[in-house]
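Structure data (mmCIF, C-alpha atoms) from work-v2.cif:
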```
data_entry
loop_
_atom_site.group_PDB
_atom_site.id
_atom_site.type_symbol
_atom_site.label_atom_id
_atom_site.label_comp_id
_atom_site.auth_asym_id
_atom_site.auth_seq_id
_atom_site.Cartn_x
_atom_site.Cartn_y
_atom_site.Cartn_z
ATOM 1 C CA MET A 151 86.963 87.897 95.671
ATOM 2 C CA ALA A 152 90.728 87.402 95.671
ATOM 3 C CA HIS A 153 90.620 88.069 91.942
ATOM 4 C CA THR A 154 89.005 91.488 92.295
ATOM 5 C CA ARG A 155 91.488 92.403 94.992
ATOM 6 C CA LEU A 156 94.368 91.553 92.648
ATOM 7 C CA LEU A 157 93.108 93.964 90.029
ATOM 8 C CA THR A 158 92.575 97.025 92.195
ATOM 9 C CA VAL A 159 95.433 99.008 93.646
ATOM 10 C CA GLU A 160 94.615 99.491 97.296
ATOM 11 C CA PRO A 161 95.863 102.588 99.165
ATOM 12 C CA ILE A 162 97.934 100.339 101.411
ATOM 13 C CA ASP A 163 99.781 98.932 98.342
ATOM 14 C CA SER A 164 101.071 102.356 97.393
ATOM 15 C CA VAL A 165 101.851 103.200 101.025
ATOM 16 C CA PHE A 166 104.109 100.152 101.392
ATOM 17 C CA ARG A 167 105.626 100.754 97.957
ATOM 18 C CA ALA A 168 106.416 104.366 98.877
ATOM 19 C CA LEU A 169 108.063 103.145 102.095
ATOM 20 C CA SER A 170 110.327 100.667 100.269
ATOM 21 C CA ASP A 171 112.848 103.324 99.250
ATOM 22 C CA PRO A 172 115.482 104.787 101.622
ATOM 23 C CA THR A 173 115.300 108.306 100.117
ATOM 24 C CA ARG A 174 111.532 108.400 100.590
ATOM 25 C CA ARG A 175 111.841 107.083 104.149
ATOM 26 C CA GLN A 176 114.439 109.745 104.961
ATOM 27 C CA VAL A 177 112.072 112.411 103.607
ATOM 28 C CA LEU A 178 109.299 111.072 105.865
ATOM 29 C CA GLU A 179 111.676 111.054 108.834
ATOM 30 C CA ARG A 180 112.401 114.712 108.144
ATOM 31 C CA LEU A 181 108.703 115.559 107.712
ATOM 32 C CA SER A 182 107.732 113.821 110.939
ATOM 33 C CA ARG A 183 109.621 116.709 112.625
ATOM 34 C CA GLY A 184 107.487 119.293 110.801
ATOM 35 C CA PRO A 185 106.652 120.705 107.346
ATOM 36 C CA ALA A 186 109.474 121.569 104.922
ATOM 37 C CA SER A 187 110.007 123.054 101.460
ATOM 38 C CA VAL A 188 111.221 121.033 98.457
ATOM 39 C CA SER A 189 114.682 122.582 98.607
ATOM 40 C CA GLU A 190 115.078 121.802 102.325
ATOM 41 C CA LEU A 191 113.946 118.249 101.688
ATOM 42 C CA ALA A 192 116.211 117.728 98.674
ATOM 43 C CA ALA A 193 119.334 119.246 100.304
ATOM 44 C CA PRO A 194 120.706 116.054 101.973
ATOM 45 C CA PHE A 195 120.528 113.967 98.781
ATOM 46 C CA PRO A 196 123.255 113.830 96.120
ATOM 47 C CA ILE A 197 120.713 113.262 93.339
ATOM 48 C CA ALA A 198 119.389 115.514 90.582
ATOM 49 C CA LEU A 199 116.281 117.534 91.440
ATOM 50 C CA PRO A 200 114.063 115.803 88.801
ATOM 51 C CA SER A 201 114.853 112.387 90.352
ATOM 52 C CA PHE A 202 114.158 113.800 93.781
ATOM 53 C CA LEU A 203 110.837 115.220 92.603
ATOM 54 C CA GLN A 204 109.858 111.768 91.315
ATOM 55 C CA HIS A 205 110.237 110.480 94.865
ATOM 56 C CA MET A 206 108.000 113.315 96.076
ATOM 57 C CA THR A 207 105.406 112.376 93.447
ATOM 58 C CA VAL A 208 105.401 108.768 94.665
ATOM 59 C CA LEU A 209 105.048 109.951 98.272
ATOM 60 C CA GLU A 210 102.221 112.334 97.432
ATOM 61 C CA GLY A 211 100.505 109.687 95.270
ATOM 62 C CA SER A 212 100.524 107.288 98.230
ATOM 63 C CA GLY A 213 98.835 109.890 100.417
ATOM 64 C CA LEU A 214 101.715 109.816 102.926
ATOM 65 C CA VAL A 215 102.448 113.505 102.311
ATOM 66 C CA ARG A 216 100.580 116.471 100.923
ATOM 67 C CA SER A 217 101.889 119.730 99.506
ATOM 68 C CA LYS A 218 100.803 123.348 99.227
ATOM 69 C CA LYS A 219 102.225 126.106 97.113
ATOM 70 C CA ASN A 220 102.802 129.528 98.681
ATOM 71 C CA GLY A 221 104.032 131.821 95.937
ATOM 72 C CA ARG A 222 107.021 130.022 94.454
ATOM 73 C CA VAL A 223 107.666 127.704 97.371
ATOM 74 C CA ARG A 224 106.059 124.278 97.618
ATOM 75 C CA THR A 225 105.823 123.034 101.184
ATOM 76 C CA TYR A 226 105.249 119.409 102.169
ATOM 77 C CA GLN A 227 103.749 117.937 105.288
ATOM 78 C CA ILE A 228 103.253 114.384 106.482
ATOM 79 C CA VAL A 229 99.794 112.730 106.654
ATOM 80 C CA PRO A 230 100.067 110.577 109.799
ATOM 81 C CA ARG A 231 96.749 108.819 109.080
ATOM 82 C CA ARG A 232 98.362 107.060 106.139
ATOM 83 C CA LEU A 233 101.331 105.842 108.174
ATOM 84 C CA LYS A 234 98.790 104.491 110.647
ATOM 85 C CA LEU A 235 97.179 102.377 107.894
ATOM 86 C CA ALA A 236 100.419 100.449 107.401
ATOM 87 C CA GLU A 237 101.185 100.297 111.113
ATOM 88 C CA ASN A 238 97.733 98.862 111.874
ATOM 89 C CA TRP A 239 98.081 96.152 109.262
ATOM 90 C CA LEU A 240 101.416 95.075 110.735
ATOM 91 C CA ALA A 241 100.135 95.206 114.318
ATOM 92 C CA ARG A 242 97.174 93.016 113.306
ATOM 93 C CA GLN A 243 99.476 90.304 111.955
ATOM 94 C CA ARG A 244 101.645 90.399 115.050
ATOM 95 C CA ASP A 245 98.591 90.220 117.264
ATOM 96 C CA ARG A 246 97.288 87.175 115.403
ATOM 97 C CA TRP A 247 100.718 85.567 115.596
ATOM 98 C CA GLU A 248 101.017 86.185 119.350
ATOM 99 C CA ARG A 249 97.525 84.825 119.974
ATOM 100 C CA ARG A 250 98.569 81.713 118.078
ATOM 101 C CA LEU A 251 101.637 81.303 120.327
ATOM 102 C CA ASP A 252 99.411 81.690 123.408
ATOM 103 C CA GLN A 253 97.131 78.946 122.079
ATOM 104 C CA LEU A 254 100.141 76.701 121.457
ATOM 105 C CA ASP A 255 101.309 77.365 125.023
ATOM 106 C CA ALA A 256 97.915 76.497 126.431
ATOM 107 C CA TYR A 257 97.843 73.323 124.350
ATOM 108 C CA LEU A 258 101.325 72.258 125.509
ATOM 109 C CA ILE A 259 100.375 72.838 129.159
ATOM 110 C CA GLU A 260 97.235 70.756 128.634
ATOM 111 C CA LEU A 261 99.274 67.965 126.999
ATOM 112 C CA LYS A 262 101.774 68.044 129.853
ATOM 113 C CA GLU A 263 99.006 67.852 132.462
ATOM 114 C CA LYS A 264 97.459 64.860 130.701
ATOM 115 C CA HIS A 265 100.762 62.999 130.732
ATOM 116 C CA THR A 266 101.823 63.670 134.318
ATOM 117 C CA MET B 87 126.452 109.135 104.062
ATOM 118 C CA ALA B 88 123.149 109.542 102.264
ATOM 119 C CA HIS B 89 124.937 108.454 99.107
ATOM 120 C CA THR B 90 126.063 105.112 100.552
ATOM 121 C CA ARG B 91 122.560 104.483 101.873
ATOM 122 C CA LEU B 92 121.138 105.000 98.405
ATOM 123 C CA LEU B 93 123.385 102.330 96.917
ATOM 124 C CA THR B 94 122.788 99.551 99.427
ATOM 125 C CA VAL B 95 119.524 97.659 99.632
ATOM 126 C CA GLU B 96 118.568 97.612 103.286
ATOM 127 C CA PRO B 97 116.514 94.721 104.700
ATOM 128 C CA ILE B 98 113.695 97.155 105.471
ATOM 129 C CA ASP B 99 113.509 98.166 101.773
ATOM 130 C CA SER B 100 112.724 94.616 100.713
ATOM 131 C CA VAL B 101 110.327 94.160 103.647
ATOM 132 C CA PHE B 102 108.226 97.173 102.577
ATOM 133 C CA ARG B 103 108.467 96.140 98.923
ATOM 134 C CA ALA B 104 107.240 92.629 99.777
ATOM 135 C CA LEU B 105 104.325 94.159 101.714
ATOM 136 C CA SER B 106 103.237 96.348 98.773
ATOM 137 C CA ASP B 107 101.397 93.517 97.013
ATOM 138 C CA PRO B 108 97.932 92.258 98.069
ATOM 139 C CA THR B 109 98.680 88.605 97.205
ATOM 140 C CA ARG B 110 101.795 88.668 99.376
ATOM 141 C CA ARG B 111 99.929 90.378 102.219
ATOM 142 C CA GLN B 112 97.183 87.753 102.041
ATOM 143 C CA VAL B 113 99.818 85.015 102.234
ATOM 144 C CA LEU B 114 101.274 86.678 105.342
ATOM 145 C CA GLU B 115 97.793 86.960 106.861
ATOM 146 C CA ARG B 116 97.375 83.220 106.329
ATOM 147 C CA LEU B 117 100.825 82.441 107.757
ATOM 148 C CA SER B 118 100.234 84.562 110.839
ATOM 149 C CA ARG B 119 97.712 81.837 111.782
ATOM 150 C CA GLY B 120 100.388 79.117 111.464
ATOM 151 C CA PRO B 121 102.689 77.351 108.946
ATOM 152 C CA ALA B 122 101.272 76.132 105.622
ATOM 153 C CA SER B 123 102.360 74.253 102.490
ATOM 154 C CA VAL B 124 102.721 75.889 99.069
ATOM 155 C CA SER B 125 99.544 74.281 97.780
ATOM 156 C CA GLU B 126 97.510 75.456 100.782
ATOM 157 C CA LEU B 127 98.881 78.955 100.338
ATOM 158 C CA ALA B 128 98.285 79.054 96.579
ATOM 159 C CA ALA B 129 94.722 77.649 96.757
ATOM 160 C CA PRO B 130 92.818 80.964 97.224
ATOM 161 C CA PHE B 131 94.496 82.677 94.265
ATOM 162 C CA PRO B 132 93.306 82.422 90.650
ATOM 163 C CA ILE B 133 96.870 82.754 89.321
ATOM 164 C CA ALA B 134 99.249 80.239 87.737
ATOM 165 C CA LEU B 135 101.565 78.427 90.158
ATOM 166 C CA PRO B 136 104.793 79.919 88.670
ATOM 167 C CA SER B 137 103.476 83.461 89.276
ATOM 168 C CA PHE B 138 102.470 82.478 92.761
ATOM 169 C CA LEU B 139 105.914 81.013 93.426
ATOM 170 C CA GLN B 140 107.477 84.318 92.358
ATOM 171 C CA HIS B 141 105.537 85.998 95.153
ATOM 172 C CA MET B 142 106.882 83.384 97.578
ATOM 173 C CA THR B 143 110.428 84.089 96.348
ATOM 174 C CA VAL B 144 109.971 87.812 97.009
ATOM 175 C CA LEU B 145 108.576 87.058 100.479
ATOM 176 C CA GLU B 146 111.416 84.675 101.330
ATOM 177 C CA GLY B 147 114.004 87.112 99.912
ATOM 178 C CA SER B 148 112.680 89.832 102.238
ATOM 179 C CA GLY B 149 113.100 87.534 105.235
ATOM 180 C CA LEU B 150 109.385 87.807 106.111
ATOM 181 C CA VAL B 151 108.922 84.050 105.654
ATOM 182 C CA ARG B 152 111.150 81.016 105.618
ATOM 183 C CA SER B 153 110.553 77.579 104.152
ATOM 184 C CA LYS B 154 111.545 73.987 104.807
ATOM 185 C CA LYS B 155 111.181 70.967 102.577
ATOM 186 C CA ASN B 156 109.851 67.734 104.094
ATOM 187 C CA GLY B 157 109.973 65.093 101.350
ATOM 188 C CA ARG B 158 108.051 66.644 98.488
ATOM 189 C CA VAL B 159 106.205 69.245 100.502
ATOM 190 C CA ARG B 160 107.609 72.729 101.074
ATOM 191 C CA THR B 161 106.200 74.381 104.181
ATOM 192 C CA TYR B 162 106.344 78.099 104.897
ATOM 193 C CA GLN B 163 106.287 79.958 108.169
ATOM 194 C CA ILE B 164 106.260 83.629 109.046
ATOM 195 C CA VAL B 165 109.302 85.389 110.599
ATOM 196 C CA PRO B 166 107.666 87.878 113.012
ATOM 197 C CA ARG B 167 111.003 89.619 113.720
ATOM 198 C CA ARG B 168 110.971 91.001 110.200
ATOM 199 C CA LEU B 169 107.425 92.358 110.479
ATOM 200 C CA LYS B 170 108.580 94.043 113.681
ATOM 201 C CA LEU B 171 111.340 95.883 111.758
ATOM 202 C CA ALA B 172 108.737 97.656 109.613
ATOM 203 C CA GLU B 173 106.344 98.204 112.521
ATOM 204 C CA ASN B 174 109.095 99.809 114.611
ATOM 205 C CA TRP B 175 110.071 102.193 111.842
ATOM 206 C CA LEU B 176 106.451 103.339 111.491
ATOM 207 C CA ALA B 177 105.944 103.643 115.244
ATOM 208 C CA ARG B 178 109.100 105.791 115.475
ATOM 209 C CA GLN B 179 107.758 108.270 112.918
ATOM 210 C CA ARG B 180 104.404 108.473 114.669
ATOM 211 C CA ASP B 181 106.086 108.971 118.000
ATOM 212 C CA ARG B 182 108.182 111.832 116.609
ATOM 213 C CA TRP B 183 105.084 113.369 115.047
ATOM 214 C CA GLU B 184 103.091 113.156 118.269
ATOM 215 C CA ARG B 185 105.928 114.675 120.264
ATOM 216 C CA ARG B 186 105.956 117.539 117.763
ATOM 217 C CA LEU B 187 102.220 118.095 118.282
ATOM 218 C CA ASP B 188 102.758 118.145 122.054
ATOM 219 C CA GLN B 189 105.465 120.787 121.627
ATOM 220 C CA LEU B 190 103.149 122.858 119.422
ATOM 221 C CA ASP B 191 100.448 122.566 122.094
ATOM 222 C CA ALA B 192 102.840 123.725 124.804
ATOM 223 C CA TYR B 193 103.938 126.611 122.611
ATOM 224 C CA LEU B 194 100.369 127.716 121.908
ATOM 225 C CA ILE B 195 99.498 127.611 125.618
ATOM 226 C CA GLU B 196 102.580 129.716 126.339
ATOM 227 C CA LEU B 197 101.590 132.226 123.646
ATOM 228 C CA LYS B 198 98.072 132.419 125.009
ATOM 229 C CA GLU B 199 99.331 132.998 128.555
ATOM 230 C CA LYS B 200 101.598 135.811 127.362
ATOM 231 C CA HIS B 201 98.700 137.559 125.649
ATOM 232 C CA THR B 202 96.092 137.304 128.390
#
```

The structure given in the file should be rewritten as structure tokens.
Amino acid sequence: MAHTRLLTVEPIDSVFRALSDPTRRQVLERLSRGPASVSELAAPFPIALPSFLQHMTVLEGSGLVRSKKNGRVRTYQIVPRRLKLAENWLARQRDRWERRLDQLDAYLIELKEKHT
Amino acid sequence: MAHTRLLTVEPIDSVFRALSDPTRRQVLERLSRGPASVSELAAPFPIALPSFLQHMTVLEGSGLVRSKKNGRVRTYQIVPRRLKLAENWLARQRDRWERRLDQLDAYLIELKEKHT
């Protein structure tokens, strides 16, 4: 099973990969305040437009954003469901970890009671 | 400012990058249940040990895990603080998004009241 999983690219892989770049995260921060056009999104970055568009392609490929063309203007918006995918995975690990700490606590209390 | 941010690798960059691989996520899932040795961690994966160790290097470099050597055995444990860094970033975006939806709601109600 692990083998099959290694060979398929899961949506969550590309979500985390998209999030690993500061430019892409800044774009998402902007989009979480509402939709924006390419030129608005690119404005804060001192990089060439083709490089910026590559970031937008990675973001759109991950499903974290989607775009629509109105005439000559392409507008992007965030897809919160995809952010949620990553957030849920992280929350699950933390939950498991915290449950483990609770079990350790309970065990230590039990040990202490046995020895007093 | 954006320029400086582009040139420095932030801890959160390497956290998200580390999370973008299914093998590394499975290792973290295992470690969220408690510490484990390299051989325990590598056991479920049909990949050569050197490749597996590269994944562990990426994980340790991101700060998501740390290791300790006892005699010949290297044991890994998760660093929940680092998972929290990524989770907080995601939660912040969602929060901003939800606040935006609330504002839109309020605005639509206002519009409706004006026109009835």

**Q.** Residues selected by the PyMOL selection byres ((chain B) within 9 of (chain A)), written as a PyMOL selection string
**A.** chain B and resi 88-89+91-92+95-96+98-109+114-115+117-120+130-133+164+166+169-170+172-174+176-186

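In this structure, atom CA of Leu191 of chain A sits 16.1 Å away from atom CA of Asn220 of chain A.
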
So for segment 152-161 of chain B, what box centre and size do we get, axis-aligned, 8 Å extra on each of the six sides, every listed atom, Å to one decimal, as AutoDock Vina command-line options?
```
--center_x 108.9 --center_y 73.1 --center_z 102.1 --size_x 21.3 --size_y 31.9 --size_z 23.1
```

Q: One decimal, Å: what's the distance from atom CA of Arg224 of chain A over to atom CA of Gln189 of chain B, could you say?
A: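 Interatomic distance here is 24.3 Å.
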
Q: Can you work out the spacing between atom CA of His141 of chain B and atom CA of Met206 of chain A in Å, to one decimal?
A: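 These two atoms are separated by 27.4 Å.
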
Non-local contacts of Arg152 of chain B (10 Å; all atoms listed in the file; under 6 positions in same chain excluded) as a PDB file with C-alpha atoms, keeping the file's coordinate frame:
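Dumped to part-v2.pdb:
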```pdb
ATOM      1  CA  PRO B 121     102.689  77.351 108.946  1.00  0.00           C
ATOM      2  CA  MET B 142     106.882  83.384  97.578  1.00  0.00           C
ATOM      3  CA  THR B 143     110.428  84.089  96.348  1.00  0.00           C
ATOM      4  CA  LEU B 145     108.576  87.058 100.479  1.00  0.00           C
ATOM      5  CA  GLU B 146     111.416  84.675 101.330  1.00  0.00           C
ATOM      6  CA  THR B 161     106.200  74.381 104.181  1.00  0.00           C
ATOM      7  CA  TYR B 162     106.344  78.099 104.897  1.00  0.00           C
ATOM      8  CA  GLN B 163     106.287  79.958 108.169  1.00  0.00           C
ATOM      9  CA  ILE B 164     106.260  83.629 109.046  1.00  0.00           C
ATOM     10  CA  VAL B 165     109.302  85.389 110.599  1.00  0.00           C
TER      11      VAL B 165
END
```

Q: Go through B:Arg110, B:Thr202, B:Tyr193, B:Leu135 and flag the residue nearest Ser148 of chain B, using all atoms listed in the file for the distances.
A: B:Arg110

Is it possible to dump segment 202-231 of chain A as a PDB file, in the first residue's frame, including just N, CA, C and O atoms?
```pdb
ATOM      1  N   PHE A 202       6.458  35.438 -11.899  1.00  0.00           N
ATOM      2  CA  PHE A 202       5.284  35.558 -11.036  1.00  0.00           C
ATOM      3  C   PHE A 202       4.168  34.635 -11.523  1.00  0.00           C
ATOM      4  O   PHE A 202       3.519  33.954 -10.720  1.00  0.00           O
ATOM      5  N   LEU A 203       3.987  34.583 -12.837  1.00  0.00           N
ATOM      6  CA  LEU A 203       2.917  33.738 -13.386  1.00  0.00           C
ATOM      7  C   LEU A 203       3.172  32.258 -13.107  1.00  0.00           C
ATOM      8  O   LEU A 203       2.229  31.482 -12.946  1.00  0.00           O
ATOM      9  N   GLN A 204       4.469  31.876 -13.045  1.00  0.00           N
ATOM     10  CA  GLN A 204       4.777  30.485 -12.681  1.00  0.00           C
ATOM     11  C   GLN A 204       4.239  30.164 -11.279  1.00  0.00           C
ATOM     12  O   GLN A 204       3.708  29.078 -11.041  1.00  0.00           O
ATOM     13  N   HIS A 205       4.431  31.127 -10.364  1.00  0.00           N
ATOM     14  CA  HIS A 205       3.880  30.919  -9.019  1.00  0.00           C
ATOM     15  C   HIS A 205       2.359  30.740  -9.076  1.00  0.00           C
ATOM     16  O   HIS A 205       1.796  29.906  -8.373  1.00  0.00           O
ATOM     17  N   MET A 206       1.701  31.533  -9.924  1.00  0.00           N
ATOM     18  CA  MET A 206       0.243  31.436 -10.026  1.00  0.00           C
ATOM     19  C   MET A 206      -0.172  30.080 -10.611  1.00  0.00           C
ATOM     20  O   MET A 206      -1.192  29.518 -10.215  1.00  0.00           O
ATOM     21  N   THR A 207       0.656  29.566 -11.538  1.00  0.00           N
ATOM     22  CA  THR A 207       0.375  28.243 -12.103  1.00  0.00           C
ATOM     23  C   THR A 207       0.486  27.157 -11.030  1.00  0.00           C
ATOM     24  O   THR A 207      -0.358  26.252 -10.964  1.00  0.00           O
ATOM     25  N   VAL A 208       1.515  27.263 -10.196  1.00  0.00           N
ATOM     26  CA  VAL A 208       1.670  26.285  -9.104  1.00  0.00           C
ATOM     27  C   VAL A 208       0.467  26.369  -8.162  1.00  0.00           C
ATOM     28  O   VAL A 208      -0.118  25.346  -7.786  1.00  0.00           O
ATOM     29  N   LEU A 209       0.078  27.592  -7.814  1.00  0.00           N
ATOM     30  CA  LEU A 209      -1.067  27.774  -6.908  1.00  0.00           C
ATOM     31  C   LEU A 209      -2.350  27.209  -7.517  1.00  0.00           C
ATOM     32  O   LEU A 209      -3.110  26.509  -6.843  1.00  0.00           O
ATOM     33  N   GLU A 210      -2.566  27.500  -8.803  1.00  0.00           N
ATOM     34  CA  GLU A 210      -3.793  27.014  -9.431  1.00  0.00           C
ATOM     35  C   GLU A 210      -3.745  25.483  -9.578  1.00  0.00           C
ATOM     36  O   GLU A 210      -4.750  24.813  -9.362  1.00  0.00           O
ATOM     37  N   GLY A 211      -2.573  24.953  -9.901  1.00  0.00           N
ATOM     38  CA  GLY A 211      -2.404  23.500 -10.017  1.00  0.00           C
ATOM     39  C   GLY A 211      -2.698  22.772  -8.707  1.00  0.00           C
ATOM     40  O   GLY A 211      -3.171  21.643  -8.707  1.00  0.00           O
ATOM     41  N   SER A 212      -2.412  23.433  -7.593  1.00  0.00           N
ATOM     42  CA  SER A 212      -2.641  22.805  -6.279  1.00  0.00           C
ATOM     43  C   SER A 212      -4.109  22.886  -5.880  1.00  0.00           C
ATOM     44  O   SER A 212      -4.512  22.264  -4.893  1.00  0.00           O
ATOM     45  N   GLY A 213      -4.883  23.679  -6.615  1.00  0.00           N
ATOM     46  CA  GLY A 213      -6.293  23.839  -6.266  1.00  0.00           C
ATOM     47  C   GLY A 213      -6.534  24.882  -5.180  1.00  0.00           C
ATOM     48  O   GLY A 213      -7.667  25.061  -4.741  1.00  0.00           O
ATOM     49  N   LEU A 214      -5.466  25.565  -4.724  1.00  0.00           N
ATOM     50  CA  LEU A 214      -5.631  26.563  -3.669  1.00  0.00           C
ATOM     51  C   LEU A 214      -6.273  27.853  -4.184  1.00  0.00           C
ATOM     52  O   LEU A 214      -6.828  28.628  -3.407  1.00  0.00           O
ATOM     53  N   VAL A 215      -6.130  28.103  -5.487  1.00  0.00           N
ATOM     54  CA  VAL A 215      -6.795  29.264  -6.092  1.00  0.00           C
ATOM     55  C   VAL A 215      -7.450  28.826  -7.394  1.00  0.00           C
ATOM     56  O   VAL A 215      -7.093  27.786  -7.963  1.00  0.00           O
ATOM     57  N   ARG A 216      -8.408  29.611  -7.853  1.00  0.00           N
ATOM     58  CA  ARG A 216      -8.909  29.416  -9.209  1.00  0.00           C
ATOM     59  C   ARG A 216      -9.040  30.778  -9.875  1.00  0.00           C
ATOM     60  O   ARG A 216      -9.120  31.808  -9.204  1.00  0.00           O
ATOM     61  N   SER A 217      -9.018  30.763 -11.233  1.00  0.00           N
ATOM     62  CA  SER A 217      -9.044  32.040 -11.937  1.00  0.00           C
ATOM     63  C   SER A 217     -10.146  32.054 -12.984  1.00  0.00           C
ATOM     64  O   SER A 217     -10.667  31.003 -13.387  1.00  0.00           O
ATOM     65  N   LYS A 218     -10.498  33.280 -13.401  1.00  0.00           N
ATOM     66  CA  LYS A 218     -11.559  33.475 -14.379  1.00  0.00           C
ATOM     67  C   LYS A 218     -11.138  34.648 -15.230  1.00  0.00           C
ATOM     68  O   LYS A 218     -10.567  35.615 -14.712  1.00  0.00           O
ATOM     69  N   LYS A 219     -11.373  34.570 -16.508  1.00  0.00           N
ATOM     70  CA  LYS A 219     -10.989  35.671 -17.370  1.00  0.00           C
ATOM     71  C   LYS A 219     -12.223  36.482 -17.766  1.00  0.00           C
ATOM     72  O   LYS A 219     -13.198  35.929 -18.259  1.00  0.00           O
ATOM     73  N   ASN A 220     -12.181  37.779 -17.470  1.00  0.00           N
ATOM     74  CA  ASN A 220     -13.246  38.692 -17.904  1.00  0.00           C
ATOM     75  C   ASN A 220     -12.613  39.643 -18.904  1.00  0.00           C
ATOM     76  O   ASN A 220     -11.862  40.530 -18.509  1.00  0.00           O
ATOM     77  N   GLY A 221     -12.885  39.445 -20.168  1.00  0.00           N
ATOM     78  CA  GLY A 221     -12.230  40.281 -21.182  1.00  0.00           C
ATOM     79  C   GLY A 221     -10.742  40.014 -21.148  1.00  0.00           C
ATOM     80  O   GLY A 221     -10.315  38.880 -21.286  1.00  0.00           O
ATOM     81  N   ARG A 222      -9.953  41.059 -20.858  1.00  0.00           N
ATOM     82  CA  ARG A 222      -8.504  40.888 -20.836  1.00  0.00           C
ATOM     83  C   ARG A 222      -7.957  40.662 -19.442  1.00  0.00           C
ATOM     84  O   ARG A 222      -6.756  40.476 -19.261  1.00  0.00           O
ATOM     85  N   VAL A 223      -8.824  40.760 -18.449  1.00  0.00           N
ATOM     86  CA  VAL A 223      -8.345  40.686 -17.063  1.00  0.00           C
ATOM     87  C   VAL A 223      -8.610  39.311 -16.452  1.00  0.00           C
ATOM     88  O   VAL A 223      -9.753  38.844 -16.439  1.00  0.00           O
ATOM     89  N   ARG A 224      -7.530  38.678 -15.951  1.00  0.00           N
ATOM     90  CA  ARG A 224      -7.715  37.418 -15.245  1.00  0.00           C
ATOM     91  C   ARG A 224      -7.784  37.693 -13.751  1.00  0.00           C
ATOM     92  O   ARG A 224      -6.904  38.350 -13.194  1.00  0.00           O
ATOM     93  N   THR A 225      -8.857  37.206 -13.142  1.00  0.00           N
ATOM     94  CA  THR A 225      -9.054  37.439 -11.706  1.00  0.00           C
ATOM     95  C   THR A 225      -8.918  36.124 -10.951  1.00  0.00           C
ATOM     96  O   THR A 225      -9.422  35.099 -11.397  1.00  0.00           O
ATOM     97  N   TYR A 226      -8.212  36.185  -9.808  1.00  0.00           N
ATOM     98  CA  TYR A 226      -8.009  34.995  -8.990  1.00  0.00           C
ATOM     99  C   TYR A 226      -8.828  35.063  -7.714  1.00  0.00           C
ATOM    100  O   TYR A 226      -9.044  36.149  -7.169  1.00  0.00           O
ATOM    101  N   GLN A 227      -9.245  33.890  -7.247  1.00  0.00           N
ATOM    102  CA  GLN A 227      -9.839  33.836  -5.916  1.00  0.00           C
ATOM    103  C   GLN A 227      -9.353  32.586  -5.188  1.00  0.00           C
ATOM    104  O   GLN A 227      -8.908  31.615  -5.813  1.00  0.00           O
ATOM    105  N   ILE A 228      -9.388  32.650  -3.880  1.00  0.00           N
ATOM    106  CA  ILE A 228      -8.889  31.550  -3.058  1.00  0.00           C
ATOM    107  C   ILE A 228      -9.939  30.434  -2.999  1.00  0.00           C
ATOM    108  O   ILE A 228     -11.135  30.696  -3.154  1.00  0.00           O
ATOM    109  N   VAL A 229      -9.492  29.185  -2.813  1.00  0.00           N
ATOM    110  CA  VAL A 229     -10.403  28.051  -2.625  1.00  0.00           C
ATOM    111  C   VAL A 229     -10.177  27.538  -1.192  1.00  0.00           C
ATOM    112  O   VAL A 229      -9.289  26.725  -0.949  1.00  0.00           O
ATOM    113  N   PRO A 230     -10.969  28.040  -0.233  1.00  0.00           N
ATOM    114  CA  PRO A 230     -10.698  27.747   1.173  1.00  0.00           C
ATOM    115  C   PRO A 230     -10.721  26.248   1.501  1.00  0.00           C
ATOM    116  O   PRO A 230     -10.017  25.799   2.397  1.00  0.00           O
ATOM    117  N   ARG A 231     -11.513  25.482   0.740  1.00  0.00           N
ATOM    118  CA  ARG A 231     -11.601  24.037   0.968  1.00  0.00           C
ATOM    119  C   ARG A 231     -10.218  23.373   0.916  1.00  0.00           C
ATOM    120  O   ARG A 231      -9.930  22.436   1.644  1.00  0.00           O
TER     121      ARG A 231
END
```
